[in-house]
$ cat protein-v8.pdb   # PDB, N, CA and C atoms, pLDDT in the B column
MODEL        1
ATOM      1  N   MET A  24      -7.171  -4.158   0.530  1.00 84.00           N
ATOM      2  CA  MET A  24      -8.098  -4.862   1.382  1.00 84.00           C
ATOM      3  C   MET A  24      -8.754  -5.967   0.577  1.00 84.00           C
ATOM      4  N   THR A  25      -9.187  -6.970   1.280  1.00 91.00           N
ATOM      5  CA  THR A  25      -9.940  -8.044   0.656  1.00 91.00           C
ATOM      6  C   THR A  25     -11.256  -8.169   1.397  1.00 91.00           C
ATOM      7  N   TYR A  26     -12.352  -8.135   0.646  1.00 94.00           N
ATOM      8  CA  TYR A  26     -13.683  -8.265   1.235  1.00 94.00           C
ATOM      9  C   TYR A  26     -14.190  -9.680   1.002  1.00 94.00           C
ATOM     10  N   HIS A  27     -14.611 -10.334   2.065  1.00 97.00           N
ATOM     11  CA  HIS A  27     -15.220 -11.657   1.983  1.00 97.00           C
ATOM     12  C   HIS A  27     -16.721 -11.462   2.147  1.00 97.00           C
ATOM     13  N   LEU A  28     -17.500 -11.927   1.171  1.00 97.00           N
ATOM     14  CA  LEU A  28     -18.942 -11.716   1.177  1.00 97.00           C
ATOM     15  C   LEU A  28     -19.684 -12.958   1.657  1.00 97.00           C
ATOM     16  N   ALA A  29     -20.922 -12.748   2.087  1.00 97.00           N
ATOM     17  CA  ALA A  29     -21.752 -13.819   2.630  1.00 97.00           C
ATOM     18  C   ALA A  29     -21.962 -14.949   1.622  1.00 97.00           C
ATOM     19  N   ASN A  30     -21.955 -14.636   0.336  1.00 97.00           N
ATOM     20  CA  ASN A  30     -22.180 -15.667  -0.683  1.00 97.00           C
ATOM     21  C   ASN A  30     -20.910 -16.437  -1.041  1.00 97.00           C
ATOM     22  N   GLY A  31     -19.810 -16.165  -0.338  1.00 97.00           N
ATOM     23  CA  GLY A  31     -18.554 -16.866  -0.579  1.00 97.00           C
ATOM     24  C   GLY A  31     -17.613 -16.147  -1.534  1.00 97.00           C
ATOM     25  N   SER A  32     -18.069 -15.077  -2.157  1.00 96.00           N
ATOM     26  CA  SER A  32     -17.216 -14.310  -3.072  1.00 96.00           C
ATOM     27  C   SER A  32     -16.132 -13.572  -2.299  1.00 96.00           C
ATOM     28  N   ILE A  33     -15.010 -13.392  -2.952  1.00 96.00           N
ATOM     29  CA  ILE A  33     -13.904 -12.625  -2.380  1.00 96.00           C
ATOM     30  C   ILE A  33     -13.552 -11.527  -3.371  1.00 96.00           C
ATOM     31  N   ILE A  34     -13.544 -10.288  -2.897  1.00 94.00           N
ATOM     32  CA  ILE A  34     -13.253  -9.143  -3.761  1.00 94.00           C
ATOM     33  C   ILE A  34     -12.015  -8.426  -3.238  1.00 94.00           C
ATOM     34  N   GLY A  35     -10.994  -8.348  -4.073  1.00 91.00           N
ATOM     35  CA  GLY A  35      -9.782  -7.628  -3.721  1.00 91.00           C
ATOM     36  C   GLY A  35      -9.918  -6.166  -4.095  1.00 91.00           C
ATOM     37  N   ASP A  36      -9.573  -5.295  -3.176  1.00 91.00           N
ATOM     38  CA  ASP A  36      -9.664  -3.847  -3.387  1.00 91.00           C
ATOM     39  C   ASP A  36      -8.259  -3.270  -3.288  1.00 91.00           C
ATOM     40  N   ILE A  37      -7.829  -2.538  -4.310  1.00 86.00           N
ATOM     41  CA  ILE A  37      -6.474  -1.980  -4.263  1.00 86.00           C
ATOM     42  C   ILE A  37      -6.377  -0.772  -3.345  1.00 86.00           C
ATOM     43  N   LYS A  38      -7.543  -0.212  -2.921  1.00 79.00           N
ATOM     44  CA  LYS A  38      -7.509   0.912  -1.988  1.00 79.00           C
ATOM     45  C   LYS A  38      -7.175   0.385  -0.593  1.00 79.00           C
ATOM     46  N   GLU A  39      -6.414   1.127   0.124  1.00 73.00           N
ATOM     47  CA  GLU A  39      -6.111   0.822   1.519  1.00 73.00           C
ATOM     48  C   GLU A  39      -6.192   2.118   2.306  1.00 73.00           C
ATOM     49  N   PHE A  40      -6.395   1.998   3.588  1.00 67.00           N
ATOM     50  CA  PHE A  40      -6.341   3.157   4.472  1.00 67.00           C
ATOM     51  C   PHE A  40      -4.968   3.152   5.124  1.00 67.00           C
ATOM     52  N   TYR A  41      -4.195   4.179   4.876  1.00 67.00           N
ATOM     53  CA  TYR A  41      -2.827   4.220   5.383  1.00 67.00           C
ATOM     54  C   TYR A  41      -2.722   5.126   6.602  1.00 67.00           C
ATOM     55  N   TYR A  42      -2.430   4.532   7.720  1.00 67.00           N
ATOM     56  CA  TYR A  42      -2.149   5.260   8.949  1.00 67.00           C
ATOM     57  C   TYR A  42      -0.950   4.584   9.599  1.00 67.00           C
ATOM     58  N   LYS A  43      -0.082   5.358  10.209  1.00 71.00           N
ATOM     59  CA  LYS A  43       1.038   4.751  10.925  1.00 71.00           C
ATOM     60  C   LYS A  43       0.542   3.989  12.143  1.00 71.00           C
ATOM     61  N   ASP A  44      -0.539   4.476  12.738  1.00 75.00           N
ATOM     62  CA  ASP A  44      -1.126   3.839  13.909  1.00 75.00           C
ATOM     63  C   ASP A  44      -2.082   2.737  13.444  1.00 75.00           C
ATOM     64  N   LYS A  45      -1.729   1.476  13.705  1.00 75.00           N
ATOM     65  CA  LYS A  45      -2.538   0.346  13.234  1.00 75.00           C
ATOM     66  C   LYS A  45      -3.957   0.383  13.777  1.00 75.00           C
ATOM     67  N   SER A  46      -4.123   0.754  15.042  1.00 81.00           N
ATOM     68  CA  SER A  46      -5.471   0.777  15.618  1.00 81.00           C
ATOM     69  C   SER A  46      -6.322   1.855  14.961  1.00 81.00           C
ATOM     70  N   LYS A  47      -5.718   2.978  14.588  1.00 81.00           N
ATOM     71  CA  LYS A  47      -6.439   4.040  13.881  1.00 81.00           C
ATOM     72  C   LYS A  47      -6.891   3.539  12.505  1.00 81.00           C
ATOM     73  N   MET A  48      -6.029   2.804  11.833  1.00 79.00           N
ATOM     74  CA  MET A  48      -6.380   2.270  10.522  1.00 79.00           C
ATOM     75  C   MET A  48      -7.530   1.271  10.645  1.00 79.00           C
ATOM     76  N   LEU A  49      -7.469   0.377  11.622  1.00 82.00           N
ATOM     77  CA  LEU A  49      -8.543  -0.596  11.816  1.00 82.00           C
ATOM     78  C   LEU A  49      -9.852   0.098  12.153  1.00 82.00           C
ATOM     79  N   GLU A  50      -9.778   1.133  12.974  1.00 86.00           N
ATOM     80  CA  GLU A  50     -10.968   1.910  13.327  1.00 86.00           C
ATOM     81  C   GLU A  50     -11.581   2.549  12.082  1.00 86.00           C
ATOM     82  N   ARG A  51     -10.761   3.071  11.205  1.00 85.00           N
ATOM     83  CA  ARG A  51     -11.237   3.709   9.971  1.00 85.00           C
ATOM     84  C   ARG A  51     -11.918   2.695   9.048  1.00 85.00           C
ATOM     85  N   VAL A  52     -11.349   1.511   8.937  1.00 86.00           N
ATOM     86  CA  VAL A  52     -11.934   0.464   8.102  1.00 86.00           C
ATOM     87  C   VAL A  52     -13.292   0.044   8.657  1.00 86.00           C
ATOM     88  N   ILE A  53     -13.385  -0.136   9.967  1.00 88.00           N
ATOM     89  CA  ILE A  53     -14.652  -0.517  10.604  1.00 88.00           C
ATOM     90  C   ILE A  53     -15.711   0.542  10.348  1.00 88.00           C
ATOM     91  N   GLN A  54     -15.362   1.806  10.518  1.00 90.00           N
ATOM     92  CA  GLN A  54     -16.311   2.895  10.269  1.00 90.00           C
ATOM     93  C   GLN A  54     -16.755   2.905   8.812  1.00 90.00           C
ATOM     94  N   HIS A  55     -15.826   2.705   7.916  1.00 88.00           N
ATOM     95  CA  HIS A  55     -16.109   2.730   6.479  1.00 88.00           C
ATOM     96  C   HIS A  55     -17.152   1.673   6.111  1.00 88.00           C
ATOM     97  N   VAL A  56     -17.024   0.490   6.687  1.00 91.00           N
ATOM     98  CA  VAL A  56     -17.923  -0.615   6.347  1.00 91.00           C
ATOM     99  C   VAL A  56     -19.241  -0.540   7.113  1.00 91.00           C
ATOM    100  N   THR A  57     -19.204  -0.123   8.376  1.00 91.00           N
ATOM    101  CA  THR A  57     -20.427  -0.137   9.183  1.00 91.00           C
ATOM    102  C   THR A  57     -21.282   1.110   9.019  1.00 91.00           C
ATOM    103  N   LYS A  58     -20.719   2.215   8.607  1.00 94.00           N
ATOM    104  CA  LYS A  58     -21.472   3.470   8.509  1.00 94.00           C
ATOM    105  C   LYS A  58     -22.066   3.709   7.122  1.00 94.00           C
ATOM    106  N   ASN A  59     -21.702   2.897   6.165  1.00 95.00           N
ATOM    107  CA  ASN A  59     -22.188   3.078   4.799  1.00 95.00           C
ATOM    108  C   ASN A  59     -23.088   1.924   4.385  1.00 95.00           C
ATOM    109  N   GLU A  60     -24.028   2.216   3.502  1.00 97.00           N
ATOM    110  CA  GLU A  60     -24.889   1.162   2.963  1.00 97.00           C
ATOM    111  C   GLU A  60     -24.158   0.390   1.872  1.00 97.00           C
ATOM    112  N   ARG A  61     -23.382   1.135   1.086  1.00 96.00           N
ATOM    113  CA  ARG A  61     -22.600   0.542   0.000  1.00 96.00           C
ATOM    114  C   ARG A  61     -21.201   1.139  -0.001  1.00 96.00           C
ATOM    115  N   ILE A  62     -20.262   0.360  -0.485  1.00 94.00           N
ATOM    116  CA  ILE A  62     -18.915   0.874  -0.714  1.00 94.00           C
ATOM    117  C   ILE A  62     -18.520   0.504  -2.139  1.00 94.00           C
ATOM    118  N   THR A  63     -17.488   1.115  -2.635  1.00 94.00           N
ATOM    119  CA  THR A  63     -16.990   0.803  -3.972  1.00 94.00           C
ATOM    120  C   THR A  63     -15.554   0.332  -3.861  1.00 94.00           C
ATOM    121  N   ALA A  64     -15.309  -0.861  -4.366  1.00 93.00           N
ATOM    122  CA  ALA A  64     -13.953  -1.395  -4.421  1.00 93.00           C
ATOM    123  C   ALA A  64     -13.389  -1.108  -5.810  1.00 93.00           C
ATOM    124  N   ILE A  65     -12.077  -1.025  -5.898  1.00 92.00           N
ATOM    125  CA  ILE A  65     -11.395  -0.862  -7.180  1.00 92.00           C
ATOM    126  C   ILE A  65     -10.441  -2.043  -7.331  1.00 92.00           C
ATOM    127  N   ASP A  66     -10.669  -2.879  -8.349  1.00 89.00           N
ATOM    128  CA  ASP A  66      -9.791  -4.037  -8.511  1.00 89.00           C
ATOM    129  C   ASP A  66      -8.497  -3.643  -9.218  1.00 89.00           C
ATOM    130  N   SER A  67      -7.608  -4.615  -9.393  1.00 86.00           N
ATOM    131  CA  SER A  67      -6.280  -4.322  -9.941  1.00 86.00           C
ATOM    132  C   SER A  67      -6.319  -3.849 -11.392  1.00 86.00           C
ATOM    133  N   THR A  68      -7.431  -4.077 -12.095  1.00 92.00           N
ATOM    134  CA  THR A  68      -7.555  -3.591 -13.473  1.00 92.00           C
ATOM    135  C   THR A  68      -8.185  -2.207 -13.531  1.00 92.00           C
ATOM    136  N   GLY A  69      -8.586  -1.670 -12.374  1.00 91.00           N
ATOM    137  CA  GLY A  69      -9.187  -0.345 -12.318  1.00 91.00           C
ATOM    138  C   GLY A  69     -10.700  -0.350 -12.403  1.00 91.00           C
ATOM    139  N   SER A  70     -11.303  -1.533 -12.434  1.00 94.00           N
ATOM    140  CA  SER A  70     -12.765  -1.632 -12.491  1.00 94.00           C
ATOM    141  C   SER A  70     -13.377  -1.302 -11.139  1.00 94.00           C
ATOM    142  N   LEU A  71     -14.492  -0.568 -11.169  1.00 96.00           N
ATOM    143  CA  LEU A  71     -15.213  -0.232  -9.942  1.00 96.00           C
ATOM    144  C   LEU A  71     -16.203  -1.343  -9.629  1.00 96.00           C
ATOM    145  N   ILE A  72     -16.201  -1.808  -8.383  1.00 96.00           N
ATOM    146  CA  ILE A  72     -17.081  -2.892  -7.966  1.00 96.00           C
ATOM    147  C   ILE A  72     -17.912  -2.416  -6.782  1.00 96.00           C
ATOM    148  N   PRO A  73     -19.221  -2.203  -6.969  1.00 96.00           N
ATOM    149  CA  PRO A  73     -20.066  -1.807  -5.839  1.00 96.00           C
ATOM    150  C   PRO A  73     -20.346  -3.015  -4.942  1.00 96.00           C
ATOM    151  N   ILE A  74     -20.283  -2.793  -3.635  1.00 96.00           N
ATOM    152  CA  ILE A  74     -20.529  -3.864  -2.665  1.00 96.00           C
ATOM    153  C   ILE A  74     -21.526  -3.363  -1.633  1.00 96.00           C
ATOM    154  N   ARG A  75     -22.556  -4.145  -1.367  1.00 97.00           N
ATOM    155  CA  ARG A  75     -23.475  -3.820  -0.276  1.00 97.00           C
ATOM    156  C   ARG A  75     -22.802  -4.215   1.031  1.00 97.00           C
ATOM    157  N   CYS A  76     -22.710  -3.290   1.964  1.00 96.00           N
ATOM    158  CA  CYS A  76     -21.995  -3.535   3.213  1.00 96.00           C
ATOM    159  C   CYS A  76     -22.624  -4.662   4.030  1.00 96.00           C
ATOM    160  N   LYS A  77     -23.937  -4.856   3.903  1.00 96.00           N
ATOM    161  CA  LYS A  77     -24.599  -5.942   4.637  1.00 96.00           C
ATOM    162  C   LYS A  77     -24.090  -7.311   4.198  1.00 96.00           C
ATOM    163  N   GLU A  78     -23.534  -7.391   2.996  1.00 97.00           N
ATOM    164  CA  GLU A  78     -23.046  -8.663   2.468  1.00 97.00           C
ATOM    165  C   GLU A  78     -21.624  -8.983   2.925  1.00 97.00           C
ATOM    166  N   ILE A  79     -20.926  -8.006   3.506  1.00 96.00           N
ATOM    167  CA  ILE A  79     -19.534  -8.210   3.924  1.00 96.00           C
ATOM    168  C   ILE A  79     -19.511  -8.940   5.262  1.00 96.00           C
ATOM    169  N   VAL A  80     -18.819 -10.079   5.293  1.00 96.00           N
ATOM    170  CA  VAL A  80     -18.704 -10.834   6.538  1.00 96.00           C
ATOM    171  C   VAL A  80     -17.302 -10.727   7.144  1.00 96.00           C
ATOM    172  N   LYS A  81     -16.318 -10.342   6.322  1.00 93.00           N
ATOM    173  CA  LYS A  81     -14.946 -10.230   6.820  1.00 93.00           C
ATOM    174  C   LYS A  81     -14.176  -9.272   5.926  1.00 93.00           C
ATOM    175  N   VAL A  82     -13.321  -8.470   6.539  1.00 90.00           N
ATOM    176  CA  VAL A  82     -12.417  -7.595   5.792  1.00 90.00           C
ATOM    177  C   VAL A  82     -11.000  -7.965   6.191  1.00 90.00           C
ATOM    178  N   GLN A  83     -10.192  -8.267   5.209  1.00 87.00           N
ATOM    179  CA  GLN A  83      -8.799  -8.620   5.461  1.00 87.00           C
ATOM    180  C   GLN A  83      -7.922  -7.487   4.966  1.00 87.00           C
ATOM    181  N   LEU A  84      -7.083  -6.965   5.840  1.00 81.00           N
ATOM    182  CA  LEU A  84      -6.155  -5.905   5.446  1.00 81.00           C
ATOM    183  C   LEU A  84      -4.900  -6.540   4.875  1.00 81.00           C
ATOM    184  N   ASN A  85      -4.515  -6.108   3.701  1.00 73.00           N
ATOM    185  CA  ASN A  85      -3.341  -6.666   3.044  1.00 73.00           C
ATOM    186  C   ASN A  85      -2.074  -5.892   3.377  1.00 73.00           C
ATOM    187  N   TYR A  86      -2.227  -4.702   3.921  1.00 65.00           N
ATOM    188  CA  TYR A  86      -1.072  -3.859   4.220  1.00 65.00           C
ATOM    189  C   TYR A  86      -1.179  -3.347   5.636  1.00 65.00           C
ATOM    190  N   LEU A  87      -0.216  -3.667   6.440  1.00 56.00           N
ATOM    191  CA  LEU A  87      -0.096  -3.075   7.776  1.00 56.00           C
ATOM    192  C   LEU A  87       1.354  -2.645   7.915  1.00 56.00           C
ATOM    193  N   GLY A  88       1.584  -1.348   7.942  1.00 53.00           N
ATOM    194  CA  GLY A  88       2.978  -0.933   7.990  1.00 53.00           C
ATOM    195  C   GLY A  88       3.231   0.302   8.757  1.00 53.00           C
TER
ENDMDL
END
$ encode --input "protein-v8.pdb" --output "C-alpha cells"
Amino acid sequence: MTYHLANGSIIGDIKEFYYKDKSKMLERVIQHVTKNERITAIDSTGSLIPIRCKEIVKVQLNYLG
C-alpha cells in the first residue's frame, strides 16, 4: 500500500491485505485507516513508520489479485 499524507509525503508500506474478493480487501483497508488513531507502516528496508490516520488523505493499493 502507499499512503499519501496531507503534508504531501508519500509512504510505501510493504504490508498488504490479501483477499480474493477485492471489495472485501478494500473494506478491510478502509476499516484499518478509519478505526485507528495510528497505524504502522513497514518500508522495504524493514523500518517501522508510525502514521497518524488523520494525516492520511489517500491510500493506494499496489496489489489487487
$ select_by_dssp --input "protein-v8.pdb" --residues "chain A" --states "strand (DSSP E)" --output "number ranges by chain"
A: 25-28, 33-35, 61-65, 71-75, 79-83
$ write_last_selection --input "protein-v8.pdb" --atoms "N, CA and C atoms" --output "mmCIF file, keeping the file's coordinate frame"
data_model
loop_
_atom_site.group_PDB
_atom_site.id
_atom_site.type_symbol
_atom_site.label_atom_id
_atom_site.label_comp_id
_atom_site.auth_asym_id
_atom_site.auth_seq_id
_atom_site.Cartn_x
_atom_site.Cartn_y
_atom_site.Cartn_z
ATOM 1 N N THR A 25 -9.187 -6.970 1.280
ATOM 2 C CA THR A 25 -9.940 -8.044 0.656
ATOM 3 C C THR A 25 -11.256 -8.169 1.397
ATOM 4 N N TYR A 26 -12.352 -8.135 0.646
ATOM 5 C CA TYR A 26 -13.683 -8.265 1.235
ATOM 6 C C TYR A 26 -14.190 -9.680 1.002
ATOM 7 N N HIS A 27 -14.611 -10.334 2.065
ATOM 8 C CA HIS A 27 -15.220 -11.657 1.983
ATOM 9 C C HIS A 27 -16.721 -11.462 2.147
ATOM 10 N N LEU A 28 -17.500 -11.927 1.171
ATOM 11 C CA LEU A 28 -18.942 -11.716 1.177
ATOM 12 C C LEU A 28 -19.684 -12.958 1.657
ATOM 13 N N ILE A 33 -15.010 -13.392 -2.952
ATOM 14 C CA ILE A 33 -13.904 -12.625 -2.380
ATOM 15 C C ILE A 33 -13.552 -11.527 -3.371
ATOM 16 N N ILE A 34 -13.544 -10.288 -2.897
ATOM 17 C CA ILE A 34 -13.253 -9.143 -3.761
ATOM 18 C C ILE A 34 -12.015 -8.426 -3.238
ATOM 19 N N GLY A 35 -10.994 -8.348 -4.073
ATOM 20 C CA GLY A 35 -9.782 -7.628 -3.721
ATOM 21 C C GLY A 35 -9.918 -6.166 -4.095
ATOM 22 N N ARG A 61 -23.382 1.135 1.086
ATOM 23 C CA ARG A 61 -22.600 0.542 0.000
ATOM 24 C C ARG A 61 -21.201 1.139 -0.001
ATOM 25 N N ILE A 62 -20.262 0.360 -0.485
ATOM 26 C CA ILE A 62 -18.915 0.874 -0.714
ATOM 27 C C ILE A 62 -18.520 0.504 -2.139
ATOM 28 N N THR A 63 -17.488 1.115 -2.635
ATOM 29 C CA THR A 63 -16.990 0.803 -3.972
ATOM 30 C C THR A 63 -15.554 0.332 -3.861
ATOM 31 N N ALA A 64 -15.309 -0.861 -4.366
ATOM 32 C CA ALA A 64 -13.953 -1.395 -4.421
ATOM 33 C C ALA A 64 -13.389 -1.108 -5.810
ATOM 34 N N ILE A 65 -12.077 -1.025 -5.898
ATOM 35 C CA ILE A 65 -11.395 -0.862 -7.180
ATOM 36 C C ILE A 65 -10.441 -2.043 -7.331
ATOM 37 N N LEU A 71 -14.492 -0.568 -11.169
ATOM 38 C CA LEU A 71 -15.213 -0.232 -9.942
ATOM 39 C C LEU A 71 -16.203 -1.343 -9.629
ATOM 40 N N ILE A 72 -16.201 -1.808 -8.383
ATOM 41 C CA ILE A 72 -17.081 -2.892 -7.966
ATOM 42 C C ILE A 72 -17.912 -2.416 -6.782
ATOM 43 N N PRO A 73 -19.221 -2.203 -6.969
ATOM 44 C CA PRO A 73 -20.066 -1.807 -5.839
ATOM 45 C C PRO A 73 -20.346 -3.015 -4.942
ATOM 46 N N ILE A 74 -20.283 -2.793 -3.635
ATOM 47 C CA ILE A 74 -20.529 -3.864 -2.665
ATOM 48 C C ILE A 74 -21.526 -3.363 -1.633
ATOM 49 N N ARG A 75 -22.556 -4.145 -1.367
ATOM 50 C CA ARG A 75 -23.475 -3.820 -0.276
ATOM 51 C C ARG A 75 -22.802 -4.215 1.031
ATOM 52 N N ILE A 79 -20.926 -8.006 3.506
ATOM 53 C CA ILE A 79 -19.534 -8.210 3.924
ATOM 54 C C ILE A 79 -19.511 -8.940 5.262
ATOM 55 N N VAL A 80 -18.819 -10.079 5.293
ATOM 56 C CA VAL A 80 -18.704 -10.834 6.538
ATOM 57 C C VAL A 80 -17.302 -10.727 7.144
ATOM 58 N N LYS A 81 -16.318 -10.342 6.322
ATOM 59 C CA LYS A 81 -14.946 -10.230 6.820
ATOM 60 C C LYS A 81 -14.176 -9.272 5.926
ATOM 61 N N VAL A 82 -13.321 -8.470 6.539
ATOM 62 C CA VAL A 82 -12.417 -7.595 5.792
ATOM 63 C C VAL A 82 -11.000 -7.965 6.191
ATOM 64 N N GLN A 83 -10.192 -8.267 5.209
ATOM 65 C CA GLN A 83 -8.799 -8.620 5.461
ATOM 66 C C GLN A 83 -7.922 -7.487 4.966
#
$ resolve_selection --input "protein-v8.pdb" --expression "the PyMOL selection byres ((chain A and resi 45-61) around 5)" --output "list in words"
Lys43, Asp44, Ile62, Thr63, Ile74, Arg75 and Cys76 of chain A
$ closest_residue --input "protein-v8.pdb" --among "A:Ala64, A:Ile79, A:Ile72, A:Leu84" --to "Ala29 in chain A" --atoms "only C-alpha atoms"
A:Ile79
$ atom_distance --input "protein-v8.pdb" --atom1 "atom C of Glu78 in chain A" --atom2 "CA of Thr25 in chain A"
11.9 Å
$ residues_around --input "protein-v8.pdb" --residues "Lys38 in chain A" --least-positions-apart "6" --cutoff "7 Å" --atoms "all atoms listed in the file" --output "tab-separated table (two decimals) with N, CA and C atoms, keeping the file's coordinate frame"
chain	number	residue	atom	x	y	z
A	24	MET	N	-7.17	-4.16	0.53
A	24	MET	CA	-8.10	-4.86	1.38
A	24	MET	C	-8.75	-5.97	0.58
A	64	ALA	N	-15.31	-0.86	-4.37
A	64	ALA	CA	-13.95	-1.40	-4.42
A	64	ALA	C	-13.39	-1.11	-5.81
A	65	ILE	N	-12.08	-1.02	-5.90
A	65	ILE	CA	-11.40	-0.86	-7.18
A	65	ILE	C	-10.44	-2.04	-7.33
A	66	ASP	N	-10.67	-2.88	-8.35
A	66	ASP	CA	-9.79	-4.04	-8.51
A	66	ASP	C	-8.50	-3.64	-9.22
$ select_by_dssp --input "protein-v8.pdb" --residues "chain A" --states "helix (DSSP H, G or I)" --output "PyMOL selection string"
chain A and resi 45-57+76-78
$ atom_distance --input "protein-v8.pdb" --atom1 "atom C of Thr68 in chain A" --atom2 "CA of Val80 in chain A"
24.2 Å
$ atom_distance --input "protein-v8.pdb" --atom1 "atom N of His27 in chain A" --atom2 "atom C of Glu39 in chain A"
15.0 Å
$ axis_aligned_box --input "protein-v8.pdb" --around "range 59-70 of chain A" --padding-each-side "6 Å" --output "AutoDock Vina command-line options"
--center_x -15.6 --center_y -0.8 --center_z -3.7 --size_x 30.6 --size_y 19.7 --size_z 31.7
$ decode --input "protein-v8.pdb" --residues "range 33-54 of chain A" --atoms "N, CA and C atoms" --output "PDB file, in the first residue's frame"
ATOM      1  N   ILE A  33       4.683  10.801   0.838  1.00  0.00           N
ATOM      2  CA  ILE A  33       4.175   9.517   0.361  1.00  0.00           C
ATOM      3  C   ILE A  33       4.964   8.425   1.066  1.00  0.00           C
ATOM      4  N   ILE A  34       4.254   7.509   1.710  1.00  0.00           N
ATOM      5  CA  ILE A  34       4.900   6.427   2.455  1.00  0.00           C
ATOM      6  C   ILE A  34       4.472   5.091   1.863  1.00  0.00           C
ATOM      7  N   GLY A  35       5.443   4.326   1.397  1.00  0.00           N
ATOM      8  CA  GLY A  35       5.175   2.998   0.872  1.00  0.00           C
ATOM      9  C   GLY A  35       5.208   1.979   1.993  1.00  0.00           C
ATOM     10  N   ASP A  36       4.206   1.133   2.041  1.00  0.00           N
ATOM     11  CA  ASP A  36       4.093   0.100   3.077  1.00  0.00           C
ATOM     12  C   ASP A  36       4.132  -1.258   2.390  1.00  0.00           C
ATOM     13  N   ILE A  37       5.041  -2.129   2.816  1.00  0.00           N
ATOM     14  CA  ILE A  37       5.125  -3.441   2.168  1.00  0.00           C
ATOM     15  C   ILE A  37       4.011  -4.376   2.609  1.00  0.00           C
ATOM     16  N   LYS A  38       3.277  -4.008   3.695  1.00  0.00           N
ATOM     17  CA  LYS A  38       2.152  -4.838   4.124  1.00  0.00           C
ATOM     18  C   LYS A  38       0.981  -4.613   3.169  1.00  0.00           C
ATOM     19  N   GLU A  39       0.275  -5.646   2.888  1.00  0.00           N
ATOM     20  CA  GLU A  39      -0.949  -5.566   2.096  1.00  0.00           C
ATOM     21  C   GLU A  39      -1.987  -6.454   2.756  1.00  0.00           C
ATOM     22  N   PHE A  40      -3.232  -6.184   2.479  1.00  0.00           N
ATOM     23  CA  PHE A  40      -4.313  -7.054   2.930  1.00  0.00           C
ATOM     24  C   PHE A  40      -4.690  -7.935   1.750  1.00  0.00           C
ATOM     25  N   TYR A  41      -4.525  -9.224   1.901  1.00  0.00           N
ATOM     26  CA  TYR A  41      -4.773 -10.143   0.794  1.00  0.00           C
ATOM     27  C   TYR A  41      -6.114 -10.845   0.956  1.00  0.00           C
ATOM     28  N   TYR A  42      -7.013 -10.553   0.065  1.00  0.00           N
ATOM     29  CA  TYR A  42      -8.295 -11.238  -0.015  1.00  0.00           C
ATOM     30  C   TYR A  42      -8.564 -11.502  -1.490  1.00  0.00           C
ATOM     31  N   LYS A  43      -9.153 -12.633  -1.801  1.00  0.00           N
ATOM     32  CA  LYS A  43      -9.514 -12.894  -3.193  1.00  0.00           C
ATOM     33  C   LYS A  43     -10.617 -11.950  -3.643  1.00  0.00           C
ATOM     34  N   ASP A  44     -11.485 -11.577  -2.711  1.00  0.00           N
ATOM     35  CA  ASP A  44     -12.585 -10.669  -3.004  1.00  0.00           C
ATOM     36  C   ASP A  44     -12.083  -9.228  -2.876  1.00  0.00           C
ATOM     37  N   LYS A  45     -12.010  -8.507  -3.998  1.00  0.00           N
ATOM     38  CA  LYS A  45     -11.469  -7.144  -3.992  1.00  0.00           C
ATOM     39  C   LYS A  45     -12.255  -6.212  -3.084  1.00  0.00           C
ATOM     40  N   SER A  46     -13.579  -6.334  -3.075  1.00  0.00           N
ATOM     41  CA  SER A  46     -14.380  -5.438  -2.235  1.00  0.00           C
ATOM     42  C   SER A  46     -14.125  -5.706  -0.759  1.00  0.00           C
ATOM     43  N   LYS A  47     -13.890  -6.961  -0.390  1.00  0.00           N
ATOM     44  CA  LYS A  47     -13.560  -7.304   0.996  1.00  0.00           C
ATOM     45  C   LYS A  47     -12.215  -6.681   1.384  1.00  0.00           C
ATOM     46  N   MET A  48     -11.261  -6.726   0.477  1.00  0.00           N
ATOM     47  CA  MET A  48      -9.954  -6.141   0.753  1.00  0.00           C
ATOM     48  C   MET A  48     -10.072  -4.628   0.927  1.00  0.00           C
ATOM     49  N   LEU A  49     -10.816  -3.963   0.054  1.00  0.00           N
ATOM     50  CA  LEU A  49     -10.996  -2.517   0.170  1.00  0.00           C
ATOM     51  C   LEU A  49     -11.699  -2.158   1.467  1.00  0.00           C
ATOM     52  N   GLU A  50     -12.689  -2.951   1.842  1.00  0.00           N
ATOM     53  CA  GLU A  50     -13.405  -2.733   3.101  1.00  0.00           C
ATOM     54  C   GLU A  50     -12.450  -2.852   4.289  1.00  0.00           C
ATOM     55  N   ARG A  51     -11.567  -3.818   4.259  1.00  0.00           N
ATOM     56  CA  ARG A  51     -10.598  -4.026   5.344  1.00  0.00           C
ATOM     57  C   ARG A  51      -9.624  -2.849   5.452  1.00  0.00           C
ATOM     58  N   VAL A  52      -9.170  -2.343   4.322  1.00  0.00           N
ATOM     59  CA  VAL A  52      -8.256  -1.203   4.316  1.00  0.00           C
ATOM     60  C   VAL A  52      -8.948   0.030   4.889  1.00  0.00           C
ATOM     61  N   ILE A  53     -10.187   0.275   4.486  1.00  0.00           N
ATOM     62  CA  ILE A  53     -10.950   1.422   4.995  1.00  0.00           C
ATOM     63  C   ILE A  53     -11.114   1.320   6.502  1.00  0.00           C
ATOM     64  N   GLN A  54     -11.476   0.149   6.998  1.00  0.00           N
ATOM     65  CA  GLN A  54     -11.633  -0.047   8.442  1.00  0.00           C
ATOM     66  C   GLN A  54     -10.315   0.185   9.168  1.00  0.00           C
TER      67      GLN A  54
END
